[in-house]
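This is entry_39.pdb. It holds PDB, C-alpha atoms and all ligand atoms.
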```pdb
ATOM      1  CA  MET A 137     -83.007 104.282 190.714
ATOM      2  CA  LYS A 138     -85.630 101.680 191.607
ATOM      3  CA  LEU A 139     -84.915  99.159 194.351
ATOM      4  CA  PHE A 140     -86.578  96.258 196.112
ATOM      5  CA  ASP A 141     -85.897  95.275 199.737
ATOM      6  CA  ALA A 142     -86.253  91.496 199.521
ATOM      7  CA  HIS A 143     -86.467  90.886 203.275
ATOM      8  CA  ASN A 144     -87.410  93.023 206.232
ATOM      9  CA  HIS A 145     -89.508  93.005 209.411
ATOM     10  CA  ILE A 146     -90.798  96.554 209.617
ATOM     11  CA  GLN A 147     -93.800  95.229 211.557
ATOM     12  CA  ASN A 148     -91.281  95.242 214.438
ATOM     13  CA  CYS A 149     -90.816  99.027 214.391
ATOM     14  CA  ARG A 150     -91.309 100.173 217.980
ATOM     15  CA  SER A 151     -94.120 102.592 217.131
ATOM     16  CA  SER A 152     -96.335 103.397 214.181
ATOM     17  CA  ALA A 153     -94.483 106.719 213.878
ATOM     18  CA  GLU A 154     -91.226 104.782 213.490
ATOM     19  CA  GLY A 155     -92.885 102.497 210.917
ATOM     20  CA  ASP A 156     -94.158 105.490 208.947
ATOM     21  CA  ALA A 157     -90.690 107.042 209.042
ATOM     22  CA  ALA A 158     -89.207 103.806 207.663
ATOM     23  CA  LEU A 159     -91.717 103.834 204.799
ATOM     24  CA  ARG A 160     -91.071 107.525 204.074
ATOM     25  CA  GLY A 161     -87.334 106.864 204.048
ATOM     26  CA  ALA A 162     -87.928 104.013 201.613
ATOM     27  CA  SER A 163     -89.844 106.362 199.277
ATOM     28  CA  ALA A 164     -87.057 108.924 199.332
ATOM     29  CA  ALA A 165     -84.483 106.224 198.527
ATOM     30  CA  GLY A 166     -86.439 104.778 195.580
ATOM     31  CA  VAL A 167     -87.491 101.539 197.262
ATOM     32  CA  ALA A 168     -90.511 100.592 195.169
ATOM     33  CA  GLY A 169     -91.300  97.259 196.812
ATOM     34  CA  MET A 170     -90.429  95.101 199.802
ATOM     35  CA  LEU A 171     -91.113  91.729 201.344
ATOM     36  CA  VAL A 172     -92.256  92.200 204.937
ATOM     37  CA  CYS A 173     -91.832  88.865 206.673
ATOM     38  CA  GLY A 174     -93.936  87.566 209.517
ATOM     39  CA  THR A 175     -92.327  85.175 211.979
ATOM     40  CA  CYS A 176     -95.088  83.839 214.265
ATOM     41  CA  PRO A 177     -98.864  84.028 214.703
ATOM     42  CA  ALA A 178     -98.435  87.096 216.938
ATOM     43  CA  ASP A 179     -97.061  89.304 214.141
ATOM     44  CA  TRP A 180     -99.034  88.108 211.096
ATOM     45  CA  GLY A 181    -101.826  90.636 211.763
ATOM     46  CA  ALA A 182     -99.369  93.547 211.768
ATOM     47  CA  VAL A 183     -97.844  92.364 208.478
ATOM     48  CA  LEU A 184    -101.292  92.146 206.890
ATOM     49  CA  GLU A 185    -102.143  95.619 208.165
ATOM     50  CA  LEU A 186     -98.949  97.087 206.627
ATOM     51  CA  ALA A 187     -99.770  95.524 203.270
ATOM     52  CA  GLY A 188    -103.228  97.118 203.411
ATOM     53  CA  ARG A 189    -101.678 100.514 204.154
ATOM     54  CA  ASP A 190     -98.827 100.585 201.625
ATOM     55  CA  LYS A 191     -99.020  98.945 198.197
ATOM     56  CA  ARG A 192     -95.247  98.477 198.121
ATOM     57  CA  VAL A 193     -95.503  95.907 200.894
ATOM     58  CA  VAL A 194     -95.684  92.255 199.842
ATOM     59  CA  PRO A 195     -96.760  90.337 202.959
ATOM     60  CA  CYS A 196     -95.137  87.043 203.959
ATOM     61  CA  PHE A 197     -96.584  84.766 206.615
ATOM     62  CA  GLY A 198     -94.728  81.936 208.293
ATOM     63  CA  LEU A 199     -93.404  80.369 211.475
ATOM     64  CA  HIS A 200     -89.716  81.268 211.864
ATOM     65  CA  PRO A 201     -87.404  78.378 212.847
ATOM     66  CA  TRP A 202     -86.560  80.084 216.159
ATOM     67  CA  PHE A 203     -90.142  79.743 217.321
ATOM     68  CA  GLY A 204     -92.024  76.717 218.548
ATOM     69  CA  PRO A 205     -95.481  75.837 217.285
ATOM     70  CA  GLU A 206     -98.658  76.711 219.157
ATOM     71  CA  ASP A 207    -102.089  75.100 218.906
ATOM     72  CA  GLY A 208    -103.795  75.594 215.566
ATOM     73  CA  TRP A 209    -100.929  77.608 214.038
ATOM     74  CA  LEU A 210    -100.908  75.843 210.682
ATOM     75  CA  ASP A 211    -104.632  76.418 210.071
ATOM     76  CA  ARG A 212    -104.249  80.071 211.045
ATOM     77  CA  LEU A 213    -101.313  80.372 208.679
ATOM     78  CA  GLU A 214    -103.378  79.020 205.813
ATOM     79  CA  GLU A 215    -106.141  81.524 206.628
ATOM     80  CA  PHE A 216    -103.691  84.452 206.474
ATOM     81  CA  LEU A 217    -102.193  83.214 203.189
ATOM     82  CA  ALA A 218    -105.669  82.811 201.682
ATOM     83  CA  ARG A 219    -106.653  86.368 202.612
ATOM     84  CA  THR A 220    -104.198  88.179 200.380
ATOM     85  CA  PRO A 221    -101.535  87.649 197.700
ATOM     86  CA  SER A 222     -98.563  86.705 199.862
ATOM     87  CA  CYS A 223     -95.485  84.509 200.240
ATOM     88  CA  VAL A 224     -94.816  81.733 202.729
ATOM     89  CA  GLY A 225     -92.042  82.876 205.079
ATOM     90  CA  GLU A 226     -89.974  83.407 206.966
ATOM     91  CA  ILE A 227     -89.475  79.678 207.469
ATOM     92  CA  GLY A 228     -86.419  77.435 207.571
ATOM     93  CA  LEU A 229     -83.742  75.653 209.545
ATOM     94  CA  ASP A 230     -81.357  77.150 212.089
ATOM     95  CA  GLY A 231     -78.623  74.863 213.344
ATOM     96  CA  ALA A 232     -77.450  77.551 215.771
ATOM     97  CA  ARG A 233     -80.854  77.920 217.433
ATOM     98  CA  PRO A 234     -82.781  74.676 217.371
ATOM     99  CA  ALA A 235     -86.441  74.954 218.416
ATOM    100  CA  PRO A 236     -88.967  72.152 218.989
ATOM    101  CA  ASP A 237     -90.108  70.433 215.764
ATOM    102  CA  GLN A 238     -88.062  72.790 213.582
ATOM    103  CA  GLU A 239     -87.717  70.468 210.592
ATOM    104  CA  GLU A 240     -91.277  69.181 210.838
ATOM    105  CA  ASN A 241     -92.648  72.751 210.886
ATOM    106  CA  PHE A 242     -90.498  73.712 207.912
ATOM    107  CA  LEU A 243     -91.783  70.755 205.893
ATOM    108  CA  ALA A 244     -95.424  71.439 206.792
ATOM    109  CA  GLN A 245     -95.027  75.002 205.525
ATOM    110  CA  LEU A 246     -93.264  73.924 202.334
ATOM    111  CA  GLU A 247     -96.239  71.679 201.674
ATOM    112  CA  LEU A 248     -98.644  74.573 202.244
ATOM    113  CA  ALA A 249     -96.646  76.700 199.785
ATOM    114  CA  ARG A 250     -96.965  73.972 197.167
ATOM    115  CA  LYS A 251    -100.676  73.585 197.819
ATOM    116  CA  LEU A 252    -101.346  77.342 197.465
ATOM    117  CA  ASP A 253     -98.660  77.861 194.808
ATOM    118  CA  ARG A 254     -96.802  80.595 196.727
ATOM    119  CA  PRO A 255     -93.149  81.651 196.660
ATOM    120  CA  VAL A 256     -91.158  80.722 199.784
ATOM    121  CA  VAL A 257     -88.814  82.935 201.849
ATOM    122  CA  ILE A 258     -86.217  80.781 203.598
ATOM    123  CA  HIS A 259     -83.919  81.342 206.587
ATOM    124  CA  CYS A 260     -80.988  78.932 206.870
ATOM    125  CA  VAL A 261     -78.094  78.963 209.328
ATOM    126  CA  LYS A 262     -75.520  76.178 209.735
ATOM    127  CA  ASN A 263     -77.668  73.593 207.959
ATOM    128  CA  TRP A 264     -76.974  74.004 204.250
ATOM    129  CA  GLY A 265     -76.542  70.358 203.317
ATOM    130  CA  ARG A 266     -79.801  69.351 204.986
ATOM    131  CA  MET A 267     -81.576  72.359 203.467
ATOM    132  CA  LEU A 268     -80.535  71.282 199.986
ATOM    133  CA  GLU A 269     -81.706  67.726 200.640
ATOM    134  CA  LEU A 270     -85.110  68.837 201.918
ATOM    135  CA  LEU A 271     -85.668  71.250 199.031
ATOM    136  CA  LYS A 272     -84.833  68.508 196.539
ATOM    137  CA  GLU A 273     -87.335  66.147 198.161
ATOM    138  CA  ASN A 274     -90.061  68.753 198.769
ATOM    139  CA  ARG A 275     -89.490  71.173 195.959
ATOM    140  CA  PRO A 276     -91.423  74.457 196.057
ATOM    141  CA  ALA A 277     -92.152  76.213 192.742
ATOM    142  CA  VAL A 278     -89.796  79.041 193.671
ATOM    143  CA  PHE A 279     -87.894  80.087 196.785
ATOM    144  CA  MET A 280     -85.359  82.602 198.020
ATOM    145  CA  LEU A 281     -82.577  82.045 200.512
ATOM    146  CA  HIS A 282     -82.593  85.206 202.596
ATOM    147  CA  ALA A 283     -79.215  86.504 203.842
ATOM    148  CA  TYR A 284     -77.494  83.723 201.939
ATOM    149  CA  GLY A 285     -74.594  82.486 204.033
ATOM    150  CA  GLY A 286     -73.930  79.131 202.406
ATOM    151  CA  PRO A 287     -70.849  78.163 200.429
ATOM    152  CA  ALA A 288     -70.309  79.454 196.898
ATOM    153  CA  GLU A 289     -70.116  75.819 195.767
ATOM    154  CA  LEU A 290     -73.783  75.186 196.640
ATOM    155  CA  VAL A 291     -75.125  78.169 194.697
ATOM    156  CA  LYS A 292     -75.538  76.216 191.462
ATOM    157  CA  ASP A 293     -77.443  73.411 193.227
ATOM    158  CA  PHE A 294     -79.936  75.805 194.834
ATOM    159  CA  ALA A 295     -80.225  77.781 191.591
ATOM    160  CA  ALA A 296     -81.073  74.567 189.714
ATOM    161  CA  LEU A 297     -84.079  74.130 192.032
ATOM    162  CA  ASN A 298     -85.345  77.629 191.074
ATOM    163  CA  GLY A 299     -83.733  79.334 194.056
ATOM    164  CA  TYR A 300     -83.032  83.053 194.405
ATOM    165  CA  PHE A 301     -80.305  84.475 196.665
ATOM    166  CA  SER A 302     -80.683  87.555 198.807
ATOM    167  CA  PHE A 303     -77.760  89.439 200.365
ATOM    168  CA  GLY A 304     -77.743  92.049 203.110
ATOM    169  CA  GLY A 305     -75.273  94.646 204.333
ATOM    170  CA  GLU A 306     -72.892  92.008 205.665
ATOM    171  CA  ILE A 307     -71.299  92.186 202.194
ATOM    172  CA  THR A 308     -70.098  95.722 202.973
ATOM    173  CA  ASP A 309     -67.455  94.128 205.258
ATOM    174  CA  PRO A 310     -64.270  93.376 203.235
ATOM    175  CA  ALA A 311     -63.332  90.708 205.803
ATOM    176  CA  ARG A 312     -66.302  88.582 204.721
ATOM    177  CA  GLU A 313     -64.406  86.966 201.857
ATOM    178  CA  ARG A 314     -66.424  83.729 201.646
ATOM    179  CA  LEU A 315     -69.674  85.652 201.629
ATOM    180  CA  ARG A 316     -68.412  87.935 198.867
ATOM    181  CA  ALA A 317     -67.310  84.883 196.868
ATOM    182  CA  ALA A 318     -70.820  83.424 197.218
ATOM    183  CA  LEU A 319     -72.292  86.707 195.972
ATOM    184  CA  ALA A 320     -70.069  86.574 192.896
ATOM    185  CA  ALA A 321     -71.190  82.976 192.217
ATOM    186  CA  VAL A 322     -74.909  83.856 192.001
ATOM    187  CA  PRO A 323     -76.409  83.968 188.499
ATOM    188  CA  PRO A 324     -77.297  87.647 187.808
ATOM    189  CA  GLU A 325     -80.966  86.799 187.227
ATOM    190  CA  ARG A 326     -81.270  85.282 190.714
ATOM    191  CA  LEU A 327     -79.733  88.079 192.774
ATOM    192  CA  LEU A 328     -81.715  90.030 195.396
ATOM    193  CA  PHE A 329     -80.807  92.582 198.089
ATOM    194  CA  GLU A 330     -82.258  93.047 201.553
ATOM    195  CA  THR A 331     -81.946  94.953 204.818
ATOM    196  CA  ASP A 332     -83.494  92.516 207.343
ATOM    197  CA  SER A 333     -84.384  95.785 209.126
ATOM    198  CA  PRO A 334     -85.191  97.230 211.559
ATOM    199  CA  GLU A 335     -82.399  96.805 214.017
ATOM    200  CA  PRO A 336     -83.127  99.117 216.963
ATOM    201  CA  ASP A 337     -80.849 102.175 216.917
ATOM    202  CA  ALA A 338     -78.957 101.003 213.814
ATOM    203  CA  THR A 339     -77.449 103.914 211.942
ATOM    204  CA  SER A 340     -76.635 102.351 208.585
ATOM    205  CA  TRP A 341     -78.136  99.794 206.168
ATOM    206  CA  ARG A 342     -80.081  97.950 208.854
ATOM    207  CA  SER A 343     -82.068 100.930 210.127
ATOM    208  CA  GLY A 344     -84.831 100.580 207.520
ATOM    209  CA  PRO A 345     -85.720  99.512 203.961
ATOM    210  CA  ALA A 346     -83.877 102.571 202.577
ATOM    211  CA  GLY A 347     -80.649 100.819 203.591
ATOM    212  CA  VAL A 348     -80.967  98.537 200.585
ATOM    213  CA  VAL A 349     -79.266 101.315 198.585
ATOM    214  CA  GLU A 350     -76.092 100.784 200.616
ATOM    215  CA  VAL A 351     -76.297  97.027 199.996
ATOM    216  CA  ALA A 352     -76.679  97.513 196.229
ATOM    217  CA  GLU A 353     -73.709  99.913 196.225
ATOM    218  CA  ALA A 354     -71.521  97.380 198.024
ATOM    219  CA  ALA A 355     -72.549  94.607 195.619
ATOM    220  CA  ALA A 356     -71.822  96.896 192.668
ATOM    221  CA  SER A 357     -68.294  97.551 193.855
ATOM    222  CA  ILE A 358     -67.654  93.837 194.520
ATOM    223  CA  LEU A 359     -69.043  92.770 191.137
ATOM    224  CA  GLY A 360     -67.599  95.707 189.206
ATOM    225  CA  ARG A 361     -70.946  96.837 187.830
ATOM    226  CA  PRO A 362     -72.777 100.176 188.017
ATOM    227  CA  THR A 363     -75.018 100.434 191.113
ATOM    228  CA  GLU A 364     -77.974 101.603 189.062
ATOM    229  CA  GLU A 365     -77.778  98.629 186.713
ATOM    230  CA  LEU A 366     -77.570  96.187 189.619
ATOM    231  CA  ALA A 367     -80.432  97.881 191.477
ATOM    232  CA  GLU A 368     -82.700  97.713 188.422
ATOM    233  CA  ALA A 369     -81.738  94.090 187.774
ATOM    234  CA  SER A 370     -82.506  93.083 191.362
ATOM    235  CA  TYR A 371     -85.861  94.854 191.119
ATOM    236  CA  ALA A 372     -86.670  92.880 187.961
ATOM    237  CA  ASN A 373     -85.545  89.696 189.725
ATOM    238  CA  ALA A 374     -87.949  90.408 192.598
ATOM    239  CA  LEU A 375     -90.798  90.764 190.090
ATOM    240  CA  ALA A 376     -89.812  87.451 188.504
ATOM    241  CA  PHE A 377     -89.629  85.785 191.934
ATOM    242  CA  LEU A 378     -93.126  87.042 192.772
ATOM    243  CA  ASP A 379     -94.430  86.193 189.309
ATOM    244  CA  ARG A 380     -97.999  87.494 189.061
ATOM    245  CA  LEU A 381     -98.417  87.966 192.817
ATOM    246  CA  TRP A 382     -97.272  91.615 192.841
ATOM    247  CA  PRO A 383     -97.771  94.417 191.997
ATOM    248  CA  ALA A 384    -101.535  94.081 192.229
ATOM    249  CA  GLY A 385    -103.583  95.344 189.295
TER
HETATM  250 ZN    ZN A 401     -85.687  87.809 208.849
END
```
Transcribe the structure of this file into structure tokens.
Amino acid sequence: MKLFDAHNHIQNCRSSAEGDAALRGASAAGVAGMLVCGTCPADWGAVLELAGRDKRVVPCFGLHPWFGPEDGWLDRLEEFLARTPSCVGEIGLDGARPAPDQEENFLAQLELARKLDRPVVIHCVKNWGRMLELLKENRPAVFMLHAYGGPAELVKDFAALNGYFSFGGEITDPARERLRAALAAVPPERLLFETDSPEPDATSWRSGPAGVVEVAEAAASILGRPTEELAEASYANALAFLDRLWPAG
């Protein structure tokens, strides 16, 4: 079985030994690719370094909506993006954690993605209507909504803008009925799975990229499809999302 972890932050592993263990675990589980997402200028270097060390890592560079801008950040971001095939992200809107200039920073990064023709990795919490509006007005070539938590009714609108939808282990919880309904509403060719790992001391899906297996299994049982088929399809979807950006060569 071949899988793709569409969103993680393994640059945040507490030591390089822990990072190596996460990558080894991914190999054992059949994780053949992953998007490792930077969140601020301070972690972009570590993301770049991981991509240089492991060809499965697709680097993403962006200013996360929780973080405020610092001097010169946008120029530095463009430098990182220019250095290697990469996505713009993690960027977005978070209505639960507003930071200074959140919307302005999101728009500046969407513009950079258009200029460099890069896929965009988006974080959105409690701001789905505004997100849809902004994406319509400032449309990137392709984007993914990581840990999709919006209503099932909006799926078709985001999909029409060339959006992909990534789901994490939250779907393993039977109580999350609205989330599971949103999953079922996603067109099969736009579906991705993620771990958003690492979570310190997590024991299940969120401990590392290998946890994406558990996510695919949960999705398979919700959608009534074989896990293997869904895993392969999500891997193919990740390749389509990245277009010619990855794998290199
Ligand atoms: Zn994230």
Exercise for review: Check which residues fall inside 10 Å of ligand ZN 401 (chain A) when counting all atoms listed in the file, and print them as a ChimeraX atom specification.
Suggested key: /A:143-145,172-175,200,225-227,257-259,282-283,330-334
Check your understanding: Excluding same-chain residues fewer than 6 positions from Leu319 of chain A, what lies within 8 Å of it counting all atoms listed in the file, as a PyMOL selection string?
Key -> chain A and resi 288+303+355
**Study point:** Residues returned when the PyMOL selection byres (((chain A and resi 267-277) around 12) and not hetatm) runs on this file, as a ChimeraX atom specification
**Key:** /A:223-224,227-231,239-240,242-266,278-281,286-287,290-300,377-379
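Relative to atom CA of Val351 of chain A, atom CA of Ala153 of chain A is found at 24.8 Å.
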Using all atoms of segment 278-286 of chain A that appear in the file, construct an axis-aligned enclosing box with 5 Å of padding on every side and provide its centre coordinates and edge lengths in Å, rounded to one decimal, as JSON.
```
{"center_x": -81.9, "center_y": 82.8, "center_z": 198.9, "size_x": 25.9, "size_y": 17.5, "size_z": 20.4}
```
Review point. Looking at A:Glu289, A:Asp190, A:Glu353, A:Asp237, which one is nearest to Glu206 of chain A, with distances taken over only C-alpha atoms?
Key: A:Asp237
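Residue nearest Ile146 of chain A within the list A:Thr220, A:Ser343, A:Ser370, A:Ser163: A:Ser343 [criterion: smallest interatomic distance, only C-alpha atoms].
Atom CA of Ala320 of chain A is positioned 6.5 Å from atom CA of Leu359 of chain A.
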Excluding Pro221 of chain A and its own-chain neighbours fewer than 4 positions away, which residues fall within 8 Å of it when counting all atoms listed in the file? Please give them as an mmCIF file with C-alpha atoms, in the coordinates of the input.
```cif
data_model
loop_
_atom_site.group_PDB
_atom_site.id
_atom_site.type_symbol
_atom_site.label_atom_id
_atom_site.label_comp_id
_atom_site.auth_asym_id
_atom_site.auth_seq_id
_atom_site.Cartn_x
_atom_site.Cartn_y
_atom_site.Cartn_z
ATOM 1 C CA VAL A 194 -95.684 92.255 199.842
ATOM 2 C CA PRO A 195 -96.760 90.337 202.959
ATOM 3 C CA LEU A 217 -102.193 83.214 203.189
ATOM 4 C CA LEU A 381 -98.417 87.966 192.817
ATOM 5 C CA TRP A 382 -97.272 91.615 192.841
#
```
Point to revise | Hits of the PyMOL selection byres (((chain A and resi 358) around 12) and not hetatm) in this structure, as number ranges by chain | key: A: 307-310, 312-313, 315-321, 351-357, 359-363, 366
Give me a file of those residues, with C-alpha atoms, as a CSV table (one decimal), in the coordinates of the input.
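After the write, selection.csv holds the following:
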```
chain,number,residue,atom,x,y,z
A,307,ILE,CA,-71.3,92.2,202.2
A,308,THR,CA,-70.1,95.7,203.0
A,309,ASP,CA,-67.5,94.1,205.3
A,310,PRO,CA,-64.3,93.4,203.2
A,312,ARG,CA,-66.3,88.6,204.7
A,313,GLU,CA,-64.4,87.0,201.9
A,315,LEU,CA,-69.7,85.7,201.6
A,316,ARG,CA,-68.4,87.9,198.9
A,317,ALA,CA,-67.3,84.9,196.9
A,318,ALA,CA,-70.8,83.4,197.2
A,319,LEU,CA,-72.3,86.7,196.0
A,320,ALA,CA,-70.1,86.6,192.9
A,321,ALA,CA,-71.2,83.0,192.2
A,351,VAL,CA,-76.3,97.0,200.0
A,352,ALA,CA,-76.7,97.5,196.2
A,353,GLU,CA,-73.7,99.9,196.2
A,354,ALA,CA,-71.5,97.4,198.0
A,355,ALA,CA,-72.5,94.6,195.6
A,356,ALA,CA,-71.8,96.9,192.7
A,357,SER,CA,-68.3,97.6,193.9
A,359,LEU,CA,-69.0,92.8,191.1
A,360,GLY,CA,-67.6,95.7,189.2
A,361,ARG,CA,-70.9,96.8,187.8
A,362,PRO,CA,-72.8,100.2,188.0
A,363,THR,CA,-75.0,100.4,191.1
A,366,LEU,CA,-77.6,96.2,189.6
```
Practice item. Spell out the residues picked by the PyMOL selection byres (((chain A and resi 177) around 9) and not hetatm) here, as a VMD selection string. Key: chain A and resid 174 to 176 178 to 181 197 to 199 206 209 212 to 213
**Study point:** Selection: 7 Å around Ala142 of chain A, all atoms listed in the file, excl. self and same-chain fewer than 4 positions, as a PyMOL selection string
**Key:** chain A and resi 170-171+302+328-330
Residues from the last selection, C-alpha atoms, saved as a PDB file, keeping the file's coordinate frame:
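The resulting out-v7.pdb:
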```pdb
ATOM      1  CA  MET A 170     -90.429  95.101 199.802  1.00  0.00           C
ATOM      2  CA  LEU A 171     -91.113  91.729 201.344  1.00  0.00           C
ATOM      3  CA  SER A 302     -80.683  87.555 198.807  1.00  0.00           C
ATOM      4  CA  LEU A 328     -81.715  90.030 195.396  1.00  0.00           C
ATOM      5  CA  PHE A 329     -80.807  92.582 198.089  1.00  0.00           C
ATOM      6  CA  GLU A 330     -82.258  93.047 201.553  1.00  0.00           C
TER       7      GLU A 330
END
```
Revision key, fill the gap. Residue with the minimum atom-to-atom distance to Pro323 of chain A, picked from A:Gly188, A:Gly166, A:Phe301, A:Asp141 with only C-alpha atoms counted, is A:Phe301
